[in-house]
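Notes to accompany the following structure.
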Amino acid sequence: MSENPEIVMQAKHIVKQFPASHGRTLTACNDINLTMYKGRTLGIVGESGCGKSTFVRMVISLDQPTSGEILYHGKNITGLSKKETWENRQNLQMVFQDPLASFNPKMKIGDILTEPLMNYKKIKRSERNAKARELLRMVELPEDFVDRYPHNMSGGQRQRISIARALSLEPEILVCDEATSALDVSVQESVIELLVRLQKEKNICMIFICHDLALIRSFAHQIAVMYLGHIVETIPGEDVSSHAVHPYTKALVGAQFSVHMDPTKKIESIESEAPSPLDVPVGCPFQNRCEHCTEKCKKEMPKLKEIAPGHEVACFYVESMQNQAEGGR
Amino acid sequence: MLEIKDLAVQYGNQAPTIEHFNLSMKKGEIISVVGESGSGKTTVIRAVLGALSGAGRVTSGDILYHGESLLKNSKSDWRKIRGSKMSMIFQDCGGTLNPIRKIGSQYVEYIRTHQSMTKKEAWDKAVSMLTKMRLPDAENIMNSYPYQLSGGMRQRVGIAMAMTFNPELLLADEPTSALDVTTQAQIVRQMMELRDDFGTGIIIVTHNIGVAAYMADQLIVMHHGKVVDHGTREEVLNNPTSDYTKKLLEAVPEMEGKRYV
């Protein structure tokens, strides 16, 4: 991998608001700035309702942002016409959490796999079967699966089909929304190994949403931590367990259960729950659960600041947090 | 307190879902059962509570609770045991609540079916249980509908209801699987406190091996309906006897573990 990978996509100041009842607005994403590189994996972690799925839906143009722009190779892809969006979508493909729900139950696997290619008229009808078999080989499944239906496969096999379908158009960006959350751990491991292998072979950019920090750190180059529609920290994958600075990231790290952890150790976790996204407090979004919260946090929104290459934190007290992290290391 | 001897359960005429399941549990012990989906772990605790779904039935073996078999219990015997001596927490406690009735009205009804007391007394008992579960503003929760609470709060309401009569045995079926990691940590900590404060014995069924290992005194690993590893936490984690357990332990992602890139 080259040291300076090519930028594939940039999200700039993305804001997404949804109308809610009683004239209120729900801000799902607030000023998101992220850069995605070729052949790299961007992991997005956060609790349910923090806006991570909304963000990736905008990345693949399923939703339009309220404001801000998404640059794909320098070209803004928000506000394109339907035709252009359709053209563009062959470069942006997605794997969903529940593959069964994203397949037509009456279609055979071979047809499911080649449907995107037919849609973009990349292959002839006569080539369908051969192409489907090739795709099955790519995801390490037996070739005779072409004649099966989705319901007679296991969850892990279905997820592989889902990956094969998404990659059939050779996209530049692959978005996985909790792609392994519904799988057992041993199956999960093999699916991750497959994704990493395919990424290296095809040099694709992956965006991976996940709530399991331990899993995401095992293969993400960059991790963005989201909280209530804000990105509170972006950090290189290998550093997350030792160098995390933002109190929320630290809480996520502390809340991980591990097989080899000391059973007498108290689990560190933050109390209470995230406020409703309809009612985001002024100032730092994390204020009501943060033990370091001061008056300043309640009035002002901290901005993301770079504290090391590839490591940005949105907190007023980065220095003192960092000293703590240094002391604890 | 609880003893399961060579239990086998079968659904209809299919092959047995679980076979040769043995377990003995002392008061205040926590037993974790882990395994992949379809390994029969939920069936085990459903059998203990006599609540096998559909055509499920115990074909051989015995379940003894304080030396007496639970299998011969009549419906009215069960009614005396369930809720007061044994109770269960489900994966989605919100789903077990009636969506169109307020928490308070359901909770009061639940208490009054098990113990005769006035509505006012039952209400106060419910509020004190919710407060013990560290739910903020319990009165307000009693006056809320289930949909107004978050997933973590509903789960805590479920645990509070299950713990109302200080049961000796708490059966937990994937109690944290649907929750966020921070909430999961809170719930796990609370369940550990239940054991310390009330001496409750807990059987927890989960696929999260980290949670299971953290909580367990005894750890049981199941695969295809059979127990492949059974022992104390240290025995199973440090010296797993079966290949399956070894594979399973290797597959768990770790914060300090290997990286693919």
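Ordering of the structure tokens sets the chain letters (A, B, ...), residue numbers begin anew at 1 in every chain, and ligands are numbered from 1 in the order given.
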Fill in: strand (DSSP E or B) call set, DSSP backbone run, range 113-202 of chain B, as a VMD selection string
chain B and resid 169 to 173 201 to 202
Worksheet item: Quick one: which residues from chain B are at most 9 Å off chain A, using only C-alpha atoms, as a PyMOL selection string?
Response: chain B and resi 35-37+135-136+150+152-153+179-186+188-189+207-216+237+247-261
Next, write the just-selected residues to a file, as a compact mmCIF listing (two decimals), in the first residue's frame, keeping N, CA and C atoms as the atom set.
# COMPACT_ATOMS: atom_id res chain seq x y z
N GLY B 35 -22.99 -20.35 23.13
CA GLY B 35 -23.08 -21.21 21.96
C GLY B 35 -23.63 -20.39 20.81
N GLU B 36 -23.52 -20.93 19.61
CA GLU B 36 -24.00 -20.19 18.46
C GLU B 36 -25.50 -20.33 18.34
N SER B 37 -26.06 -19.57 17.40
CA SER B 37 -27.50 -19.66 17.23
C SER B 37 -27.85 -21.07 16.79
N LEU B 135 -33.30 3.37 37.98
CA LEU B 135 -34.00 4.10 36.94
C LEU B 135 -34.34 5.47 37.50
N PRO B 136 -33.96 6.53 36.81
CA PRO B 136 -34.25 7.85 37.35
C PRO B 136 -35.75 8.15 37.26
N SER B 150 -36.43 4.12 26.41
CA SER B 150 -35.40 3.61 25.51
C SER B 150 -35.22 2.11 25.75
N GLY B 152 -32.66 0.38 26.71
CA GLY B 152 -31.98 0.07 27.96
C GLY B 152 -32.91 0.22 29.16
N MET B 153 -33.76 1.26 29.10
CA MET B 153 -34.69 1.48 30.21
C MET B 153 -35.73 0.37 30.28
N LEU B 179 -28.65 -4.43 23.09
CA LEU B 179 -28.34 -3.12 23.67
C LEU B 179 -26.99 -2.60 23.19
N ASP B 180 -26.80 -1.30 23.32
CA ASP B 180 -25.51 -0.70 23.02
C ASP B 180 -24.49 -1.12 24.06
N VAL B 181 -23.21 -1.01 23.69
CA VAL B 181 -22.17 -1.52 24.59
C VAL B 181 -22.14 -0.82 25.94
N THR B 182 -22.39 0.48 25.95
CA THR B 182 -22.33 1.17 27.25
C THR B 182 -23.49 0.72 28.13
N THR B 183 -24.68 0.55 27.52
CA THR B 183 -25.83 0.08 28.27
C THR B 183 -25.62 -1.37 28.70
N GLN B 184 -25.03 -2.16 27.82
CA GLN B 184 -24.75 -3.55 28.14
C GLN B 184 -23.89 -3.64 29.41
N ALA B 185 -22.86 -2.79 29.47
CA ALA B 185 -21.99 -2.81 30.63
C ALA B 185 -22.77 -2.45 31.89
N GLN B 186 -23.70 -1.49 31.77
CA GLN B 186 -24.50 -1.11 32.95
C GLN B 186 -25.37 -2.27 33.42
N VAL B 188 -25.01 -5.52 32.85
CA VAL B 188 -24.19 -6.62 33.39
C VAL B 188 -23.79 -6.30 34.83
N ARG B 189 -23.38 -5.06 35.04
CA ARG B 189 -22.97 -4.68 36.39
C ARG B 189 -24.15 -4.82 37.36
N HIS B 207 -24.60 -15.15 23.48
CA HIS B 207 -23.58 -15.53 22.50
C HIS B 207 -22.36 -14.64 22.66
N ASN B 208 -22.43 -13.67 23.56
CA ASN B 208 -21.28 -12.81 23.79
C ASN B 208 -20.37 -13.47 24.82
N ILE B 209 -19.29 -14.06 24.34
CA ILE B 209 -18.44 -14.85 25.22
C ILE B 209 -17.74 -13.96 26.25
N GLY B 210 -17.47 -12.72 25.86
CA GLY B 210 -16.85 -11.80 26.81
C GLY B 210 -17.74 -11.59 28.03
N VAL B 211 -19.02 -11.31 27.79
CA VAL B 211 -19.96 -11.12 28.90
C VAL B 211 -20.09 -12.40 29.72
N ALA B 212 -20.23 -13.52 29.02
CA ALA B 212 -20.40 -14.80 29.72
C ALA B 212 -19.21 -15.07 30.63
N ALA B 213 -18.01 -14.86 30.10
CA ALA B 213 -16.81 -15.15 30.87
C ALA B 213 -16.69 -14.21 32.07
N TYR B 214 -17.07 -12.97 31.86
CA TYR B 214 -16.95 -12.00 32.95
C TYR B 214 -17.85 -12.37 34.11
N MET B 215 -19.07 -12.81 33.81
CA MET B 215 -20.04 -13.03 34.87
C MET B 215 -19.92 -14.40 35.53
N ALA B 216 -19.41 -15.39 34.79
CA ALA B 216 -19.67 -16.77 35.15
C ALA B 216 -18.85 -17.29 36.32
N LEU B 237 -11.70 -21.44 29.91
CA LEU B 237 -10.97 -20.44 29.12
C LEU B 237 -9.51 -20.82 28.93
N LYS B 247 -11.73 -23.00 18.86
CA LYS B 247 -12.01 -22.19 17.68
C LYS B 247 -12.83 -20.95 18.05
N LEU B 248 -13.80 -21.19 18.93
CA LEU B 248 -14.69 -20.10 19.34
C LEU B 248 -13.89 -19.01 20.05
N LEU B 249 -13.01 -19.42 20.94
CA LEU B 249 -12.24 -18.44 21.70
C LEU B 249 -11.30 -17.65 20.79
N GLU B 250 -10.79 -18.33 19.76
CA GLU B 250 -9.91 -17.62 18.83
C GLU B 250 -10.66 -16.61 17.98
N ALA B 251 -11.93 -16.90 17.73
CA ALA B 251 -12.69 -16.05 16.81
C ALA B 251 -13.19 -14.77 17.45
N VAL B 252 -13.11 -14.68 18.79
CA VAL B 252 -13.63 -13.49 19.45
C VAL B 252 -12.70 -12.31 19.19
N PRO B 253 -13.22 -11.21 18.66
CA PRO B 253 -12.33 -10.07 18.44
C PRO B 253 -11.89 -9.46 19.76
N GLU B 254 -10.64 -9.08 19.84
CA GLU B 254 -10.08 -8.56 21.09
C GLU B 254 -9.55 -7.15 20.86
N MET B 255 -9.61 -6.36 21.90
CA MET B 255 -9.07 -5.01 21.79
C MET B 255 -7.56 -5.03 21.52
N GLU B 256 -6.88 -5.98 22.09
CA GLU B 256 -5.43 -6.04 21.90
C GLU B 256 -5.05 -7.15 20.92
N GLY B 257 -6.05 -7.69 20.24
CA GLY B 257 -5.82 -8.87 19.42
C GLY B 257 -5.19 -8.57 18.07
N LYS B 258 -5.29 -9.56 17.19
CA LYS B 258 -4.61 -9.45 15.90
C LYS B 258 -5.30 -8.43 15.01
N ARG B 259 -4.53 -7.93 14.06
CA ARG B 259 -5.09 -7.02 13.06
C ARG B 259 -4.86 -7.61 11.68
N TYR B 260 -5.84 -7.39 10.82
CA TYR B 260 -5.74 -7.97 9.48
C TYR B 260 -4.99 -7.06 8.53
N VAL B 261 -4.86 -5.80 8.87
CA VAL B 261 -4.24 -4.88 7.91
C VAL B 261 -2.99 -4.25 8.51
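With CA of Phe103 in chain A on one side and CA of Ile207 in chain A on the other, the separation reads 21.3 Å.
Closest approach to Gly38 in chain B among B:Thr232, B:Thr17, B:Ser24, B:Gln148 is made by B:Thr17 (distances from only C-alpha atoms).
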Discussion item. Could you list, as a ChimeraX atom specification, every residue within 12 Å of Pro240 in chain B, counting only C-alpha atoms and ignoring same-chain residues fewer than 5 positions away?
Written reply: /B:219-221,228-235,245-250
Discussion item. Just want the 12 Å neighbourhood of Pro281 in chain A, counted on only C-alpha atoms, with same-chain residues fewer than 4 positions away dropped. Output as a list in words.
Written reply: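 That gives Thr27, Leu228, Ala274, Pro275, Ser276, Pro277, Pro285, Phe286, Gln287, Asn288, Arg289, Cys297, Lys298, Lys299, Glu300 and Met301 of chain A.
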Fill in: All alpha helix (DSSP H) positions in range 144-260 of chain B, as a PyMOL selection string
chain B and resi 151-162+181-198+209-215+233-238+243-251
